[in-house]
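See below for target_39.tsv, which holds TSV, C-alpha atoms.
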```
chain	number	residue	atom	x	y	z
B	1	MET	CA	3.09	-22.34	-38.16
B	2	GLU	CA	6.34	-23.53	-39.72
B	3	PRO	CA	9.59	-22.55	-38.13
B	4	GLY	CA	11.84	-20.49	-40.34
B	5	ASN	CA	15.20	-18.79	-40.39
B	6	ASP	CA	15.33	-15.25	-39.08
B	7	SER	CA	16.52	-14.11	-42.50
B	8	GLY	CA	13.24	-15.29	-44.04
B	9	ILE	CA	11.00	-13.26	-41.76
B	10	SER	CA	9.69	-10.05	-43.27
B	11	GLY	CA	8.28	-8.58	-40.07
B	12	PHE	CA	6.22	-8.86	-36.91
B	13	LEU	CA	2.82	-7.64	-35.79
B	14	LEU	CA	2.71	-5.33	-32.75
B	15	LEU	CA	-0.72	-5.97	-31.25
B	16	GLY	CA	-0.56	-2.95	-28.92
B	17	PHE	CA	-3.14	-2.34	-26.21
B	18	SER	CA	-6.46	-2.84	-27.95
B	19	GLU	CA	-7.85	-3.86	-31.32
B	20	ASP	CA	-11.03	-1.84	-30.79
B	21	PRO	CA	-11.09	0.83	-33.55
B	22	GLU	CA	-13.07	3.21	-31.34
B	23	LEU	CA	-10.27	3.29	-28.76
B	24	GLN	CA	-7.47	4.03	-31.23
B	25	PRO	CA	-8.03	7.85	-31.38
B	26	LEU	CA	-8.05	8.00	-27.57
B	27	ILE	CA	-4.86	5.92	-27.28
B	28	PHE	CA	-3.21	8.05	-29.98
B	29	GLY	CA	-4.12	11.30	-28.26
B	30	VAL	CA	-3.02	10.17	-24.79
B	31	PHE	CA	0.36	8.83	-25.92
B	32	LEU	CA	1.05	11.74	-28.25
B	33	SER	CA	0.42	14.15	-25.35
B	34	MET	CA	2.66	12.19	-22.99
B	35	TYR	CA	5.39	11.95	-25.62
B	36	LEU	CA	5.39	15.68	-26.33
B	37	ILE	CA	5.44	16.51	-22.61
B	38	THR	CA	8.35	14.10	-22.13
B	39	VAL	CA	10.40	15.51	-25.00
B	40	PHE	CA	9.81	19.20	-24.28
B	41	GLY	CA	10.06	18.83	-20.50
B	42	ASN	CA	13.40	17.02	-20.63
B	43	LEU	CA	14.66	19.30	-23.40
B	44	LEU	CA	13.93	22.36	-21.26
B	45	LEU	CA	15.81	20.76	-18.39
B	46	ILE	CA	18.84	20.15	-20.64
B	47	LEU	CA	18.74	23.73	-21.94
B	48	ALA	CA	18.41	25.12	-18.42
B	49	VAL	CA	21.46	23.18	-17.20
B	50	SER	CA	23.61	23.96	-20.26
B	51	SER	CA	22.75	27.67	-20.40
B	52	ASP	CA	23.12	28.57	-16.72
B	53	SER	CA	26.65	28.59	-15.31
B	54	HIS	CA	25.27	28.16	-11.79
B	55	LEU	CA	24.13	24.66	-12.79
B	56	HIS	CA	27.49	23.52	-14.14
B	57	THR	CA	27.97	21.10	-11.25
B	58	PRO	CA	28.27	17.28	-11.19
B	59	MET	CA	24.68	16.80	-9.98
B	60	TYR	CA	23.16	18.79	-12.84
B	61	PHE	CA	25.63	17.34	-15.35
B	62	PHE	CA	24.29	13.88	-14.56
B	63	LEU	CA	20.73	15.20	-14.55
B	64	ALA	CA	21.16	16.63	-18.07
B	65	ASN	CA	22.48	13.27	-19.24
B	66	LEU	CA	19.52	11.52	-17.63
B	67	SER	CA	17.11	13.88	-19.41
B	68	PHE	CA	18.79	13.13	-22.75
B	69	VAL	CA	18.47	9.39	-22.11
B	70	ASP	CA	14.80	9.82	-21.15
B	71	ILE	CA	14.10	11.53	-24.49
B	72	CYS	CA	15.86	8.75	-26.41
B	73	PHE	CA	14.27	6.06	-24.22
B	74	THR	CA	10.74	7.22	-25.01
B	75	SER	CA	11.54	7.96	-28.66
B	76	THR	CA	12.57	4.34	-29.15
B	77	THR	CA	9.02	3.02	-28.77
B	78	ILE	CA	6.30	5.69	-28.83
B	79	PRO	CA	6.76	7.19	-32.34
B	80	LYS	CA	6.45	3.76	-33.96
B	81	MET	CA	3.31	2.99	-31.96
B	82	LEU	CA	1.77	6.34	-32.93
B	83	TRP	CA	2.68	5.72	-36.59
B	84	ASN	CA	1.03	2.29	-36.51
B	85	ILE	CA	-2.15	3.74	-35.04
B	86	GLN	CA	-2.22	6.58	-37.56
B	87	THR	CA	-1.66	4.26	-40.54
B	88	GLN	CA	-3.89	1.52	-39.08
B	89	SER	CA	-1.06	-0.95	-39.47
B	90	LYS	CA	0.50	-3.19	-36.82
B	91	VAL	CA	3.50	-4.24	-38.93
B	92	ILE	CA	7.11	-3.67	-37.97
B	93	THR	CA	9.90	-5.05	-40.13
B	94	TYR	CA	12.34	-7.64	-38.79
B	95	ALA	CA	15.22	-5.16	-39.03
B	96	GLY	CA	13.11	-2.45	-37.43
B	97	CYS	CA	12.16	-4.75	-34.56
B	98	ILE	CA	15.76	-5.76	-33.89
B	99	THR	CA	16.85	-2.11	-34.03
B	100	GLN	CA	14.09	-1.04	-31.66
B	101	MET	CA	14.98	-3.81	-29.22
B	102	TYR	CA	18.68	-2.86	-29.35
B	103	PHE	CA	18.09	0.80	-28.51
B	104	PHE	CA	15.48	-0.03	-25.87
B	105	ILE	CA	17.94	-2.27	-24.00
B	106	LEU	CA	20.68	0.34	-24.48
B	107	PHE	CA	18.73	3.24	-22.98
B	108	THR	CA	17.26	1.09	-20.21
B	109	GLY	CA	20.78	0.20	-19.13
B	110	LEU	CA	21.86	3.84	-19.35
B	111	GLU	CA	18.92	4.88	-17.17
B	112	ILE	CA	19.94	2.37	-14.51
B	113	PHE	CA	23.63	3.30	-14.56
B	114	LEU	CA	22.97	7.05	-14.48
B	115	LEU	CA	20.62	6.68	-11.51
B	116	THR	CA	23.37	4.72	-9.75
B	117	VAL	CA	26.00	7.36	-10.58
B	118	MET	CA	23.67	10.08	-9.29
B	119	ALA	CA	23.26	8.15	-6.02
B	120	TYR	CA	27.05	8.02	-5.70
B	121	ASP	CA	27.21	11.77	-6.37
B	122	ARG	CA	24.76	12.46	-3.52
B	123	PHE	CA	26.70	10.05	-1.27
B	124	VAL	CA	29.93	12.00	-1.81
B	125	ALA	CA	28.17	15.38	-1.46
B	126	ILE	CA	26.63	14.54	1.92
B	127	CYS	CA	29.17	12.17	3.46
B	128	TYR	CA	32.31	13.98	2.23
B	129	PRO	CA	31.21	17.60	1.64
B	130	LEU	CA	34.67	19.12	2.11
B	131	ASN	CA	36.21	16.84	-0.53
B	132	TYR	CA	33.23	16.87	-2.91
B	133	ILE	CA	34.76	19.17	-5.53
B	134	VAL	CA	38.03	17.25	-5.47
B	135	ILE	CA	36.42	13.80	-5.73
B	136	MET	CA	33.68	14.65	-8.24
B	137	ASN	CA	36.00	16.44	-10.64
B	138	PRO	CA	35.08	16.87	-14.33
B	139	TRP	CA	37.37	14.02	-15.37
B	140	LEU	CA	35.66	11.52	-13.05
B	141	CYS	CA	32.18	12.72	-14.03
B	142	GLY	CA	32.95	12.28	-17.71
B	143	LEU	CA	34.50	8.87	-17.04
B	144	LEU	CA	31.44	7.66	-15.12
B	145	VAL	CA	29.12	8.65	-17.98
B	146	LEU	CA	31.47	7.09	-20.56
B	147	VAL	CA	31.64	3.80	-18.63
B	148	SER	CA	27.83	3.81	-18.36
B	149	TRP	CA	27.58	4.14	-22.15
B	150	ILE	CA	30.14	1.40	-22.78
B	151	LEU	CA	28.49	-1.10	-20.43
B	152	SER	CA	25.04	-0.36	-21.85
B	153	VAL	CA	26.22	-0.74	-25.46
B	154	LEU	CA	27.97	-4.04	-24.70
B	155	ASP	CA	24.94	-5.41	-22.86
B	156	SER	CA	22.60	-4.40	-25.67
B	157	LEU	CA	24.92	-5.86	-28.33
B	158	LEU	CA	25.09	-9.14	-26.42
B	159	HIS	CA	21.31	-9.59	-26.18
B	160	THR	CA	20.69	-8.42	-29.74
B	161	SER	CA	23.34	-10.67	-31.27
B	162	MET	CA	21.88	-13.66	-29.43
B	163	VAL	CA	18.37	-12.89	-30.66
B	164	LEU	CA	19.74	-12.72	-34.20
B	165	GLN	CA	20.77	-16.38	-33.84
B	166	LEU	CA	17.20	-17.48	-33.11
B	167	SER	CA	14.72	-18.90	-35.60
B	168	PHE	CA	11.15	-17.62	-35.61
B	169	CYS	CA	7.88	-18.90	-36.96
B	170	THR	CA	6.77	-17.63	-40.36
B	171	GLU	CA	3.98	-15.56	-38.78
B	172	VAL	CA	4.55	-13.95	-35.41
B	173	GLU	CA	2.45	-11.61	-33.29
B	174	ILE	CA	3.97	-9.64	-30.43
B	175	PRO	CA	1.38	-8.91	-27.71
B	176	HIS	CA	3.04	-5.62	-26.89
B	177	PHE	CA	3.39	-2.08	-28.26
B	178	PHE	CA	7.14	-2.50	-28.95
B	179	CYS	CA	9.67	-5.26	-29.57
B	180	GLU	CA	10.52	-6.27	-26.03
B	181	LEU	CA	13.33	-8.79	-25.45
B	182	ASN	CA	11.34	-11.35	-23.45
B	183	GLN	CA	8.47	-11.27	-25.93
B	184	MET	CA	10.90	-11.89	-28.81
B	185	ILE	CA	12.45	-14.87	-27.05
B	186	GLN	CA	9.03	-16.34	-26.26
B	187	LEU	CA	8.13	-16.22	-29.95
B	188	ALA	CA	11.27	-18.07	-31.08
B	189	CYS	CA	10.92	-21.57	-32.44
B	190	SER	CA	14.50	-22.56	-31.60
B	191	ASP	CA	16.04	-23.33	-28.23
B	192	THR	CA	16.18	-20.23	-26.00
B	193	PHE	CA	17.83	-21.72	-22.90
B	194	LEU	CA	21.08	-19.81	-23.43
B	195	ASN	CA	19.19	-16.57	-24.07
B	196	ASN	CA	17.26	-16.91	-20.81
B	197	MET	CA	20.43	-17.67	-18.87
B	198	VAL	CA	22.13	-14.56	-20.26
B	199	ILE	CA	19.07	-12.45	-19.38
B	200	TYR	CA	19.07	-13.68	-15.78
B	201	PHE	CA	22.83	-13.22	-15.43
B	202	ALA	CA	22.74	-9.73	-16.96
B	203	ALA	CA	19.79	-8.77	-14.74
B	204	MET	CA	21.65	-9.81	-11.60
B	205	LEU	CA	24.83	-8.03	-12.67
B	206	LEU	CA	23.47	-4.88	-14.34
B	207	VAL	CA	20.14	-4.33	-12.56
B	208	VAL	CA	20.37	-5.83	-9.09
B	209	GLY	CA	24.03	-4.81	-8.73
B	210	PRO	CA	23.41	-1.08	-9.30
B	211	PHE	CA	20.32	-1.25	-7.10
B	212	VAL	CA	22.42	-2.65	-4.25
B	213	GLY	CA	24.88	0.19	-4.86
B	214	ILE	CA	22.04	2.72	-4.60
B	215	LEU	CA	20.82	1.15	-1.37
B	216	TYR	CA	24.33	1.23	0.08
B	217	SER	CA	24.79	4.88	-0.88
B	218	TYR	CA	21.52	5.87	0.77
B	219	SER	CA	22.25	3.85	3.89
B	220	LYS	CA	25.41	5.93	4.31
B	221	ILE	CA	23.52	9.12	3.45
B	222	VAL	CA	20.83	8.43	6.07
B	223	SER	CA	23.50	7.63	8.64
B	224	SER	CA	25.26	10.95	7.93
B	225	ILE	CA	22.03	12.94	8.03
B	226	LEU	CA	21.08	11.47	11.41
B	227	ARG	CA	24.39	12.73	12.82
B	228	ILE	CA	23.51	16.33	11.90
B	229	SER	CA	22.47	18.16	15.06
B	230	SER	CA	20.11	20.82	13.69
B	231	ALA	CA	16.71	20.00	12.19
B	232	GLN	CA	17.25	22.60	9.48
B	233	GLY	CA	20.54	20.97	8.50
B	234	LYS	CA	18.87	17.56	8.30
B	235	TYR	CA	16.09	18.94	6.12
B	236	LYS	CA	18.53	20.69	3.78
B	237	ALA	CA	20.67	17.56	3.42
B	238	PHE	CA	17.68	15.33	2.75
B	239	SER	CA	16.11	17.77	0.28
B	240	THR	CA	19.13	17.39	-2.01
B	241	CYS	CA	18.36	13.67	-2.30
B	242	ALA	CA	14.55	13.70	-2.30
B	243	SER	CA	14.14	14.18	-6.07
B	244	HIS	CA	16.63	11.46	-6.97
B	245	LEU	CA	15.13	9.07	-4.43
B	246	SER	CA	11.67	9.68	-5.91
B	247	VAL	CA	12.89	8.93	-9.44
B	248	VAL	CA	14.73	5.78	-8.33
B	249	SER	CA	11.66	4.52	-6.47
B	250	LEU	CA	9.40	5.24	-9.43
B	251	PHE	CA	11.70	3.53	-11.93
B	252	TYR	CA	12.44	0.40	-9.92
B	253	CYS	CA	8.89	-0.03	-8.57
B	254	THR	CA	7.38	0.20	-12.05
B	255	GLY	CA	10.06	-2.13	-13.39
B	256	LEU	CA	9.23	-4.62	-10.63
B	257	GLY	CA	5.58	-4.30	-11.55
B	258	VAL	CA	6.38	-5.21	-15.16
B	259	TYR	CA	8.40	-8.23	-14.01
B	260	LEU	CA	5.62	-9.49	-11.72
B	261	SER	CA	2.94	-8.96	-14.36
B	262	SER	CA	4.98	-10.81	-16.99
B	263	ALA	CA	5.56	-13.71	-14.60
B	264	ALA	CA	1.82	-14.25	-14.15
B	265	PRO	CA	0.04	-16.60	-16.57
B	266	GLN	CA	-1.78	-15.07	-19.54
B	267	SER	CA	-0.44	-11.65	-18.67
B	268	SER	CA	0.77	-10.28	-22.02
B	269	HIS	CA	-1.77	-7.45	-22.00
B	270	ALA	CA	-1.10	-6.65	-18.33
B	271	SER	CA	2.63	-6.59	-19.01
B	272	ALA	CA	2.14	-4.15	-21.90
B	273	VAL	CA	0.06	-1.83	-19.73
B	274	ALA	CA	2.56	-2.05	-16.87
B	275	SER	CA	5.43	-1.27	-19.27
B	276	VAL	CA	3.85	2.11	-19.97
B	277	MET	CA	4.75	3.19	-16.44
B	278	TYR	CA	8.53	2.96	-16.82
B	279	THR	CA	8.78	3.51	-20.59
B	280	VAL	CA	6.52	6.58	-20.79
B	281	VAL	CA	5.27	7.83	-17.42
B	282	THR	CA	8.60	7.79	-15.57
B	283	PRO	CA	10.54	9.76	-18.26
B	284	MET	CA	7.60	12.19	-18.46
B	285	LEU	CA	7.57	12.83	-14.70
B	286	ASN	CA	11.34	13.10	-14.21
B	287	PRO	CA	11.71	16.76	-15.29
B	288	PHE	CA	8.78	17.76	-13.08
B	289	ILE	CA	10.15	15.85	-10.08
B	290	TYR	CA	13.56	17.50	-10.48
B	291	SER	CA	12.35	21.01	-11.27
B	292	LEU	CA	9.09	21.84	-9.49
B	293	ARG	CA	10.72	21.88	-6.06
B	294	ASN	CA	14.23	22.82	-7.15
B	295	LYS	CA	15.03	26.49	-6.67
B	296	ASP	CA	18.10	26.43	-8.95
B	297	ILE	CA	16.19	24.91	-11.89
B	298	LYS	CA	13.31	27.34	-11.38
B	299	GLU	CA	15.62	30.34	-11.48
B	300	ALA	CA	17.36	29.03	-14.59
B	301	LEU	CA	14.04	28.56	-16.38
B	302	MET	CA	12.87	32.01	-15.32
B	303	ARG	CA	15.98	33.52	-16.92
B	304	PHE	CA	15.32	31.82	-20.26
B	305	PRO	CA	13.68	34.82	-21.97
B	306	ASP	CA	16.70	36.98	-21.15
B	307	MET	CA	19.24	34.43	-22.34
B	308	SER	CA	17.85	33.13	-25.60
B	309	ASP	CA	15.09	33.41	-28.13
B	310	LEU	CA	13.46	30.20	-26.91
B	311	LYS	CA	9.89	31.32	-26.48
B	312	GLY	CA	6.62	29.59	-27.11
B	313	THR	CA	3.71	27.73	-25.72
B	314	THR	CA	5.74	24.99	-24.04
B	315	LEU	CA	8.06	27.38	-22.22
B	316	THR	CA	5.17	29.56	-21.08
B	317	PHE	CA	3.36	26.50	-19.76
B	318	MET	CA	6.41	25.24	-17.86
B	319	GLN	CA	7.16	28.64	-16.36
B	320	GLY	CA	3.52	29.04	-15.32
B	321	ALA	CA	3.60	25.66	-13.62
B	322	LEU	CA	6.81	26.56	-11.80
B	323	LEU	CA	5.42	29.89	-10.61
B	324	TYR	CA	2.25	28.20	-9.42
B	325	THR	CA	4.21	25.71	-7.30
B	326	SER	CA	6.48	28.35	-5.79
```
Re-express the file's structure as structure tokens.
Amino acid sequence: MEPGNDSGISGFLLLGFSEDPELQPLIFGVFLSMYLITVFGNLLLILAVSSDSHLHTPMYFFLANLSFVDICFTSTTIPKMLWNIQTQSKVITYAGCITQMYFFILFTGLEIFLLTVMAYDRFVAICYPLNYIVIMNPWLCGLLVLVSWILSVLDSLLHTSMVLQLSFCTEVEIPHFFCELNQMIQLACSDTFLNNMVIYFAAMLLVVGPFVGILYSYSKIVSSILRISSAQGKYKAFSTCASHLSVVSLFYCTGLGVYLSSAAPQSSHASAVASVMYTVVTPMLNPFIYSLRNKDIKEALMRFPDMSDLKGTTLTFMQGALLYTS
């Protein structure tokens, strides 16, 4: 294959999970189901928080933002994959691939920053309960979300602009179901040393850094909980963090799995399968993790029929699931 300028490339081929035609309907059905559950589940969570005044608190404000990011995060990759399966085409244009990569990096960064902000919120709530309302005021909450957006946009612009400087071969196949940054760099015909250095530096600063912040917050939270004398008080304090801790563990563990699978030789297919966990499964499970054992969210969802005309199969299903778990 001849190397060529990025401007001369018409598109890429997304190889996906399998080339077996008999498996395509199954893959389409599974991912369509997971995508719909993700969108409607997170949308219900956003509507519950916005429509119930009892949930107008910093914790649920951040949760609503996380749900919005989860919808966008999944919508960046899954619809294109479903369209390719439906049309029996693996092609994605060069511009479409760059755009998909930009938004994927953007919403990945937002997911990380929001999880870190939510850990800080729980740290203040448990370690400084008397000053919680004063510290986590609306101005600070809005500022934290705004800073998260700014950092994510800048990080995504940096990686995307550097990929735009690369030259690719005239025919390229991406062994993935979306345009992932590392896969793009591996397919480049030009020198990628600077790109790799930026990726490692950004990962240390924007992934490991927030993770260390989360660990620090929870070390202080655990220390404060252990100082509570009553068992009931300890349980109540820990229950406010259990959902967030579950989501953080799920996101970072699946992300680590993707990193380890991509580091292994001849692991493109394994990396694609592992990526499903944090690109699809984690956003799908988040609304269930935060709502099924959350009394406030349950009550807000139960009041939906009295507060709006939002009725239908999805709402009935979610309410039935919540009642079953009560």
- Best match for closeness to Asn84 of chain B among B:Gly233, B:Gly16, B:Pro58, B:Pro210, counting all atoms listed in the file: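 Using all atoms listed in the file, the shortest distance to Asn84 of chain B belongs to B:Gly16.
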- Query: Quick one: residues within 12 Å of His159 of chain B, all atoms listed in the file counted, chain neighbours fewer than 2 positions away excluded, as a PyMOL selection string?
  - Reply: chain B and resi 98-99+101-106+152-157+161-166+180-182+184-185+192+194-203
- Message: Quick check, in Å to one decimal: how far apart do atom CA of Cys169 of chain B and atom CA of Ser18 of chain B lie?
- Response: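 Computing the Euclidean distance for atom CA of Cys169 of chain B and atom CA of Ser18 of chain B yields 23.3 Å.
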- For Gly11 of chain B: contacts at 12 Å, all atoms listed in the file, fewer than 5 positions along chain excluded, given as a VMD selection string: chain B and resid 6 90 to 98 168 to 174 179
- Message: Would you pick out the contacts of Ser224 of chain B at 12 Å or less, using all atoms listed in the file, so that residues sharing its chain but fewer than 2 positions from it are not included, and give the list as a ChimeraX atom specification?
- Response: /B:122-129,217-222,226-229,233-234,237-238
- Query: For Leu55 of chain B, which residue among B:Val30, B:Ala231, B:Leu14, B:Leu301 is the nearest when counting all atoms listed in the file?
  - Reply: B:Leu301
- Rounded to one decimal place, report the atom CA of Tyr278 of chain B-atom CA of Thr254 of chain B distance in Å.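 Separation between atom CA of Tyr278 of chain B and atom CA of Thr254 of chain B: 5.6 Å.
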- Item | Of the listed residues B:Gly109, B:Pro79, B:Pro138, B:Gly255, that which approaches Ala274 of chain B most closely, counting only C-alpha atoms |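 Comparing B:Gly109, B:Pro79, B:Pro138, B:Gly255 against Ala274 of chain B, the winner is B:Gly255.
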- Item | Among the residues B:Leu250, B:Ala48, B:Val134, B:Leu256, the one that comes closest to Met302 of chain B [using only C-alpha atoms] |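 Among the listed residues, B:Ala48 lies closest to Met302 of chain B.
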